[in-house]
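Novice: Let me give you the structure first, and then I'll get to my questions.
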Amino acid sequence: MPELPEVEVTRLSFADRIAGAHILSVRMGKSLRWPLQCDPAALVGRQVITVRRRGKYLIVDLNVGHLLVHLGMSGSLSFGTELPPAGRHDHFDMQTSQGQLRLNDPRRFGAVVVVSGEEDPTFLKLLGKLGMEPLSDDFTVQRFQLGLKRRKAPIKQVLLAGDVVVGVGNIYASEALFRAGIRPTRSANTIGQQRVAILYHAIRSLLEQAVQAGGTTLRDFSNAQGATGHFQLQTQVYAREGQPCPVCGSRIRAIRQGQRSTFFCPVCQKS
DNA sequence: AAAAGCCCCTGGATGC
DNA sequence: TGCATCCAGGGGCTTT
């Protein structure tokens, strides 16, 4: 469910409200992808400083240590002072002096993990090999090109892998390649400089627009205040197999790449 | 080093 | 209505 825009929108929807809060209690329900790696009681009394994002991870900086939060495929956070009683899929609840932070995640691919710092082995394992942040100044056409040069796998899968650029998930990968006119099966290292530049700008503008739109809500995404996104109204190929291409009218096609579906226009994305 | 598969888990949609 | 099958926005891990 959540790609970079959804994670960023989630962050923006509660970061200011939780900053400065003191942790009063922590409850872990059914296990998520990994154990918390810390006694919940040990978090009591710590203070939330800020909330950052790296790729699709949220990093909740505490005065002592950090909370790494990942939404997986079906996770969503809520933050509020009057949340309903914990339900079946609420697997993490953190009561603070400024409200309650809750992770709801039916599929439990998500995670909440406590790390001591940025040298913590878990922090390094999860975040250490991530690629460039697409909306940061580090991400340049030149570096993007350099990253793609040494990959001969299909461009769609290189984008998804997250070791060149982070945050582009299954929806935005198809959308970006459509906007750039590149066939998803094209080997990353064979894309010409001009095309790489176009793809670079497509990725940036797409993600920026999606954040502006509050993210994409396909079935159940909502931010920490419960608001849904509306970028799905601007998607052009994702989940539109058989429908006419918005540019040329050809039928949108669907293929499988690495057990994920990919959508593209066979005419606009010739190669 | 890079690429390809497998798997974690639940729920909704579809088909018989 | 019941049951089987497939699919879903991610990504770490193991094997080639």
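Quick note on naming: the chains in the structure tokens go A, B, ... in the order shown, residues restart at 1 in each chain, and ligands are numbered from 1 in order of appearance.
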Kindly provide, as number ranges by chain, the residues of chain A having any atom no farther than 6 Å from an atom of chain B, counting only C-alpha atoms (C1' of nucleotides).
Specialist: A: 106-108
Novice: Would you save the residues from that selection as a JSON list (two decimals), in the first residue's frame, using N, CA, C and O atoms?
Specialist:
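What follows is the written file result_33.json:
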[["chain", "number", "residue", "atom", "x", "y", "z"],
["A", 106, "PRO", "N", -3.45, -5.12, 8.86],
["A", 106, "PRO", "CA", -4.07, -6.44, 8.68],
["A", 106, "PRO", "C", -3.08, -7.52, 8.24],
["A", 106, "PRO", "O", -3.13, -8.64, 8.75],
["A", 107, "ARG", "N", -2.22, -7.22, 7.31],
["A", 107, "ARG", "CA", -1.33, -8.27, 6.80],
["A", 107, "ARG", "C", -0.07, -8.48, 7.63],
["A", 107, "ARG", "O", 0.66, -9.44, 7.41],
["A", 108, "ARG", "N", 0.21, -7.56, 8.49],
["A", 108, "ARG", "CA", 1.37, -7.67, 9.40],
["A", 108, "ARG", "C", 2.71, -7.78, 8.69],
["A", 108, "ARG", "O", 3.61, -8.48, 9.15]]
Novice: Quick one: everything within 9 Å of A:Gln193, counting only C-alpha atoms (C1' of nucleotides), minus sequence neighbours fewer than 6 positions away in the same chain. Send it as a PyMOL selection string.
Specialist: chain A and resi 141-142+145
Novice: Among stretch 68-264 of chain A, which residues does DSSP mark as helix (DSSP H, G or I) when it is run on the backbone? Keep the chain and numbering as in the structure and answer as an MDAnalysis selection string.
Specialist: chainID A and resid 121:127 141:149 155:161 170:180 188:190 193:212 231:234
Novice: Using only C-alpha atoms (C1' of nucleotides), find each residue of chain C with at least one atom at most 12 Å away from an atom of chain A; report its shortest atom-to-atom pair and that distance in Å (one decimal), sort the rows by chain and rising residue number, and return the result as a Markdown table.
Specialist:
| residue | atom | partner | partner_atom | distance |
| --- | --- | --- | --- | --- |
| C:DC7 | C1' | A:Ser261 | CA | 9.8 |
| C:DA8 | C1' | A:Met73 | CA | 8.1 |
| C:DG9 | C1' | A:Met1 | CA | 2.6 |
| C:DG10 | C1' | A:Gly72 | CA | 5.3 |
| C:DG11 | C1' | A:Gly72 | CA | 8.3 |
| C:DG12 | C1' | A:Leu126 | CA | 8.6 |
| C:DC13 | C1' | A:Lys125 | CA | 11.9 |
Novice: DSSP on the backbone, then: every residue of stretch 85-251 of chain A marked strand (DSSP E or B), written as a PyMOL selection string.
Specialist: chain A and resi 90-96+99-104+111-115+132+154+165+187+244+251
Novice: What's the separation between atom CA of A:Val166 and atom CA of A:Leu207, in Å to one decimal place?
Specialist: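 Between atom CA of A:Val166 and atom CA of A:Leu207 the gap works out to 11.2 Å.
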Novice: With a distance cut-off of 7 Å and only C-alpha atoms (C1' of nucleotides), select the neighbouring residues of A:Lys129, excluding the residue or stretch itself and same-chain residues fewer than 2 positions from it, and output the selection as a count of residues only.
Specialist: 3
Novice: Interatomic distance between atom CA of A:Arg17 and atom CA of A:Asp137?
Specialist: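 Atom CA of A:Arg17 sits 27.1 Å away from atom CA of A:Asp137.
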Novice: Give me the residues within 6 Å of stretch 21-38 of chain A as a PyMOL selection string, counting only C-alpha atoms (C1' of nucleotides) and dropping any in the same chain fewer than 4 places off.
Specialist: chain A and resi 44-48+91-98+108-114
Novice: Write a file of the just-selected residues containing N, CA, C and O atoms, as a PDB file, in the first residue's frame.
Specialist:
ATOM      1  N   VAL A  44       8.921   3.848  28.351  1.00  0.00           N
ATOM      2  CA  VAL A  44       8.153   4.805  29.161  1.00  0.00           C
ATOM      3  C   VAL A  44       9.071   5.880  29.743  1.00  0.00           C
ATOM      4  O   VAL A  44      10.139   5.575  30.282  1.00  0.00           O
ATOM      5  N   GLY A  45       8.639   7.122  29.571  1.00  0.00           N
ATOM      6  CA  GLY A  45       9.431   8.240  30.077  1.00  0.00           C
ATOM      7  C   GLY A  45      10.308   8.895  29.026  1.00  0.00           C
ATOM      8  O   GLY A  45      10.768  10.018  29.199  1.00  0.00           O
ATOM      9  N   ARG A  46      10.523   8.189  27.930  1.00  0.00           N
ATOM     10  CA  ARG A  46      11.316   8.809  26.867  1.00  0.00           C
ATOM     11  C   ARG A  46      10.467   9.856  26.154  1.00  0.00           C
ATOM     12  O   ARG A  46       9.246   9.858  26.235  1.00  0.00           O
ATOM     13  N   GLN A  47      11.171  10.725  25.449  1.00  0.00           N
ATOM     14  CA  GLN A  47      10.475  11.827  24.792  1.00  0.00           C
ATOM     15  C   GLN A  47      10.663  11.782  23.283  1.00  0.00           C
ATOM     16  O   GLN A  47      11.750  11.474  22.792  1.00  0.00           O
ATOM     17  N   VAL A  48       9.604  12.094  22.553  1.00  0.00           N
ATOM     18  CA  VAL A  48       9.680  12.151  21.091  1.00  0.00           C
ATOM     19  C   VAL A  48      10.262  13.496  20.680  1.00  0.00           C
ATOM     20  O   VAL A  48       9.767  14.547  21.102  1.00  0.00           O
ATOM     21  N   HIS A  91      -1.842  -3.425  16.094  1.00  0.00           N
ATOM     22  CA  HIS A  91      -0.768  -4.236  16.672  1.00  0.00           C
ATOM     23  C   HIS A  91       0.242  -3.466  17.502  1.00  0.00           C
ATOM     24  O   HIS A  91       1.113  -4.050  18.123  1.00  0.00           O
ATOM     25  N   PHE A  92       0.149  -2.159  17.461  1.00  0.00           N
ATOM     26  CA  PHE A  92       1.079  -1.337  18.233  1.00  0.00           C
ATOM     27  C   PHE A  92       0.351  -0.090  18.702  1.00  0.00           C
ATOM     28  O   PHE A  92      -0.296   0.589  17.891  1.00  0.00           O
ATOM     29  N   ASP A  93       0.416   0.174  19.982  1.00  0.00           N
ATOM     30  CA  ASP A  93      -0.215   1.364  20.546  1.00  0.00           C
ATOM     31  C   ASP A  93       0.761   2.037  21.481  1.00  0.00           C
ATOM     32  O   ASP A  93       1.306   1.406  22.385  1.00  0.00           O
ATOM     33  N   MET A  94       0.978   3.321  21.259  1.00  0.00           N
ATOM     34  CA  MET A  94       1.875   4.064  22.133  1.00  0.00           C
ATOM     35  C   MET A  94       1.146   5.292  22.664  1.00  0.00           C
ATOM     36  O   MET A  94       0.811   6.209  21.913  1.00  0.00           O
ATOM     37  N   GLN A  95       0.893   5.255  23.958  1.00  0.00           N
ATOM     38  CA  GLN A  95       0.209   6.380  24.596  1.00  0.00           C
ATOM     39  C   GLN A  95       1.258   7.430  24.953  1.00  0.00           C
ATOM     40  O   GLN A  95       2.285   7.099  25.555  1.00  0.00           O
ATOM     41  N   THR A  96       0.987   8.678  24.554  1.00  0.00           N
ATOM     42  CA  THR A  96       1.927   9.746  24.920  1.00  0.00           C
ATOM     43  C   THR A  96       1.162  10.886  25.578  1.00  0.00           C
ATOM     44  O   THR A  96      -0.074  10.887  25.585  1.00  0.00           O
ATOM     45  N   SER A  97       1.914  11.842  26.100  1.00  0.00           N
ATOM     46  CA  SER A  97       1.305  12.993  26.758  1.00  0.00           C
ATOM     47  C   SER A  97       0.530  13.869  25.776  1.00  0.00           C
ATOM     48  O   SER A  97      -0.237  14.735  26.179  1.00  0.00           O
ATOM     49  N   GLN A  98       0.725  13.625  24.464  1.00  0.00           N
ATOM     50  CA  GLN A  98       0.046  14.471  23.476  1.00  0.00           C
ATOM     51  C   GLN A  98      -0.907  13.699  22.568  1.00  0.00           C
ATOM     52  O   GLN A  98      -1.478  14.274  21.633  1.00  0.00           O
ATOM     53  N   ARG A 108       0.212  -7.560   8.492  1.00  0.00           N
ATOM     54  CA  ARG A 108       1.366  -7.669   9.403  1.00  0.00           C
ATOM     55  C   ARG A 108       2.712  -7.781   8.685  1.00  0.00           C
ATOM     56  O   ARG A 108       3.612  -8.477   9.151  1.00  0.00           O
ATOM     57  N   PHE A 109       2.825  -7.130   7.537  1.00  0.00           N
ATOM     58  CA  PHE A 109       4.133  -7.030   6.890  1.00  0.00           C
ATOM     59  C   PHE A 109       4.874  -5.814   7.431  1.00  0.00           C
ATOM     60  O   PHE A 109       6.032  -5.586   7.118  1.00  0.00           O
ATOM     61  N   GLY A 110       4.167  -5.020   8.189  1.00  0.00           N
ATOM     62  CA  GLY A 110       4.764  -3.810   8.742  1.00  0.00           C
ATOM     63  C   GLY A 110       5.627  -4.115   9.947  1.00  0.00           C
ATOM     64  O   GLY A 110       5.756  -5.258  10.376  1.00  0.00           O
ATOM     65  N   ALA A 111       6.252  -3.076  10.476  1.00  0.00           N
ATOM     66  CA  ALA A 111       7.156  -3.292  11.603  1.00  0.00           C
ATOM     67  C   ALA A 111       7.310  -2.041  12.446  1.00  0.00           C
ATOM     68  O   ALA A 111       7.195  -0.923  11.954  1.00  0.00           O
ATOM     69  N   VAL A 112       7.551  -2.272  13.725  1.00  0.00           N
ATOM     70  CA  VAL A 112       7.984  -1.214  14.627  1.00  0.00           C
ATOM     71  C   VAL A 112       9.158  -1.803  15.393  1.00  0.00           C
ATOM     72  O   VAL A 112       9.025  -2.853  16.016  1.00  0.00           O
ATOM     73  N   VAL A 113      10.300  -1.173  15.272  1.00  0.00           N
ATOM     74  CA  VAL A 113      11.512  -1.694  15.879  1.00  0.00           C
ATOM     75  C   VAL A 113      12.238  -0.569  16.607  1.00  0.00           C
ATOM     76  O   VAL A 113      12.306   0.550  16.107  1.00  0.00           O
ATOM     77  N   VAL A 114      12.755  -0.873  17.773  1.00  0.00           N
ATOM     78  CA  VAL A 114      13.517   0.111  18.530  1.00  0.00           C
ATOM     79  C   VAL A 114      15.002  -0.087  18.261  1.00  0.00           C
ATOM     80  O   VAL A 114      15.506  -1.211  18.332  1.00  0.00           O
TER      81      VAL A 114
END
